[in-house]
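**Q** Below you'll find the structure I mean.
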Amino acid sequence: MEQMHAAIDFLAKMVELAGVAIIVGGTFLSSAYFLRGGVRGDWRQAYDRYRANLGRGILLGLELLVGADIMSTVTAPLTFTSLGLLAAIVVIRTFLSFSLETEIEGCWPWQRSRRAGAEDVR
């Protein structure tokens, strides 16, 4: 049982590192694409793409970090304090994910089907 807890804890740490790496890598790649697009003369469009790409990288990294937090609860002793802390972290990261997704898409989640229908008409 102890070996299983150690393996899950190691896996959670690896997922956590992957989440951080995706956020850092996404930041660098988004910045490079932004500069390349801006140098080509279209700073406004480059900025819009930069915000969307940066948001996508952060969003993917946050999702992995939430998964790592959930995996970590398997190995940690469950107390009301640790469970409350996990719940707070998940709520905050979920809110951030929701906010980023809304910012990237440019509309509320319940408006996406209408927006997709409007784009199909064009």
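Residues in the structure tokens are named by chain (A, B, ... in the order shown) and by number from 1 within that chain; ligands are numbered from 1 in the order shown.
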Got a sec: who's within 12 Å of A:Arg93, counting only C-alpha atoms, leaving out chain neighbours fewer than 3 positions off, as a list in words?

**A**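 In the requested format, the answer is Ile58, Leu59, Leu60, Gly61, Leu62, Glu63, Leu64, Leu65, Val66, Gly67, Asp69, Leu86, Ala87, Ala88, Ile89, Val90, Leu96, Ser97, Phe98, Ser99 and Leu100 of chain A.
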
**Q** Kindly give the distance, in Å, that separates atom CA of A:Gly57 and atom CA of A:Leu85, rounded to a single decimal.

**A**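 For atom CA of A:Gly57 relative to atom CA of A:Leu85, the distance reads 24.9 Å.
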
**Q** Counting only C-alpha atoms, what is within 12 Å of A:Arg44, bar same-chain residues fewer than 6 positions away, as a PDB file with N, CA, C and O atoms, in the first residue's frame?

**A**
```pdb
ATOM      1  N   PHE A  34       3.846  36.319 -31.131  1.00  0.00           N
ATOM      2  CA  PHE A  34       3.410  37.710 -31.071  1.00  0.00           C
ATOM      3  C   PHE A  34       4.451  38.629 -31.700  1.00  0.00           C
ATOM      4  O   PHE A  34       4.119  39.487 -32.527  1.00  0.00           O
ATOM      5  N   LEU A  35       5.698  38.449 -31.310  1.00  0.00           N
ATOM      6  CA  LEU A  35       6.754  39.292 -31.861  1.00  0.00           C
ATOM      7  C   LEU A  35       6.916  39.090 -33.358  1.00  0.00           C
ATOM      8  O   LEU A  35       7.083  40.049 -34.114  1.00  0.00           O
ATOM      9  N   GLY A  37       4.587  38.096 -35.486  1.00  0.00           N
ATOM     10  CA  GLY A  37       3.447  38.720 -36.155  1.00  0.00           C
ATOM     11  C   GLY A  37       3.515  40.237 -36.125  1.00  0.00           C
ATOM     12  O   GLY A  37       3.144  40.901 -37.094  1.00  0.00           O
ATOM     13  N   GLY A  38       3.995  40.789 -35.010  1.00  0.00           N
ATOM     14  CA  GLY A  38       4.100  42.238 -34.911  1.00  0.00           C
ATOM     15  C   GLY A  38       5.155  42.816 -35.818  1.00  0.00           C
ATOM     16  O   GLY A  38       4.965  43.873 -36.432  1.00  0.00           O
ATOM     17  N   TYR A  50      -2.076  36.692 -29.622  1.00  0.00           N
ATOM     18  CA  TYR A  50      -1.220  36.507 -28.450  1.00  0.00           C
ATOM     19  C   TYR A  50      -2.057  36.241 -27.205  1.00  0.00           C
ATOM     20  O   TYR A  50      -1.798  35.308 -26.459  1.00  0.00           O
ATOM     21  N   ARG A  51      -3.065  37.047 -26.983  1.00  0.00           N
ATOM     22  CA  ARG A  51      -3.939  36.864 -25.820  1.00  0.00           C
ATOM     23  C   ARG A  51      -4.629  35.504 -25.865  1.00  0.00           C
ATOM     24  O   ARG A  51      -4.716  34.807 -24.853  1.00  0.00           O
TER      25      ARG A  51
END
```

**Q** Quick one: everything within 8 Å of A:Val74, counting only C-alpha atoms, minus sequence neighbours fewer than 3 positions away in the same chain. Send it as a ChimeraX atom specification.

**A** /A:5,8,70-71,77

**Q** A:Gly106: which residues within 12 Å, counting only C-alpha atoms, same-chain residues fewer than 3 positions away excluded, as a list in words?

**A** Asp48, Arg51, Ala52, Gly55, Phe98, Ser99, Leu100, Glu101, Thr102, Glu103, Pro109, Trp110, Gln111, Arg112, Arg115 and Ala116 of chain A

**Q** Got a sec: who's within 12 Å of A:Gly25, counting only C-alpha atoms, leaving out chain neighbours fewer than 2 positions off, as a list in words?

**A**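 Listed by chain and then number, they are Leu17, Ala18, Gly19, Val20, Ala21, Ile22, Ile23, Thr27, Phe28, Leu29, Ser30, Ser31, Ala32, Asn53, Leu54, Arg56, Gly57, Ile58, Leu60 and Gly61 of chain A.
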
**Q** Do you have the atom CA of A:Leu11-atom CA of A:Thr75 distance handy?

**A**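 Taking atom CA of A:Leu11 as the start and atom CA of A:Thr75 as the end point, the length is 10.9 Å.
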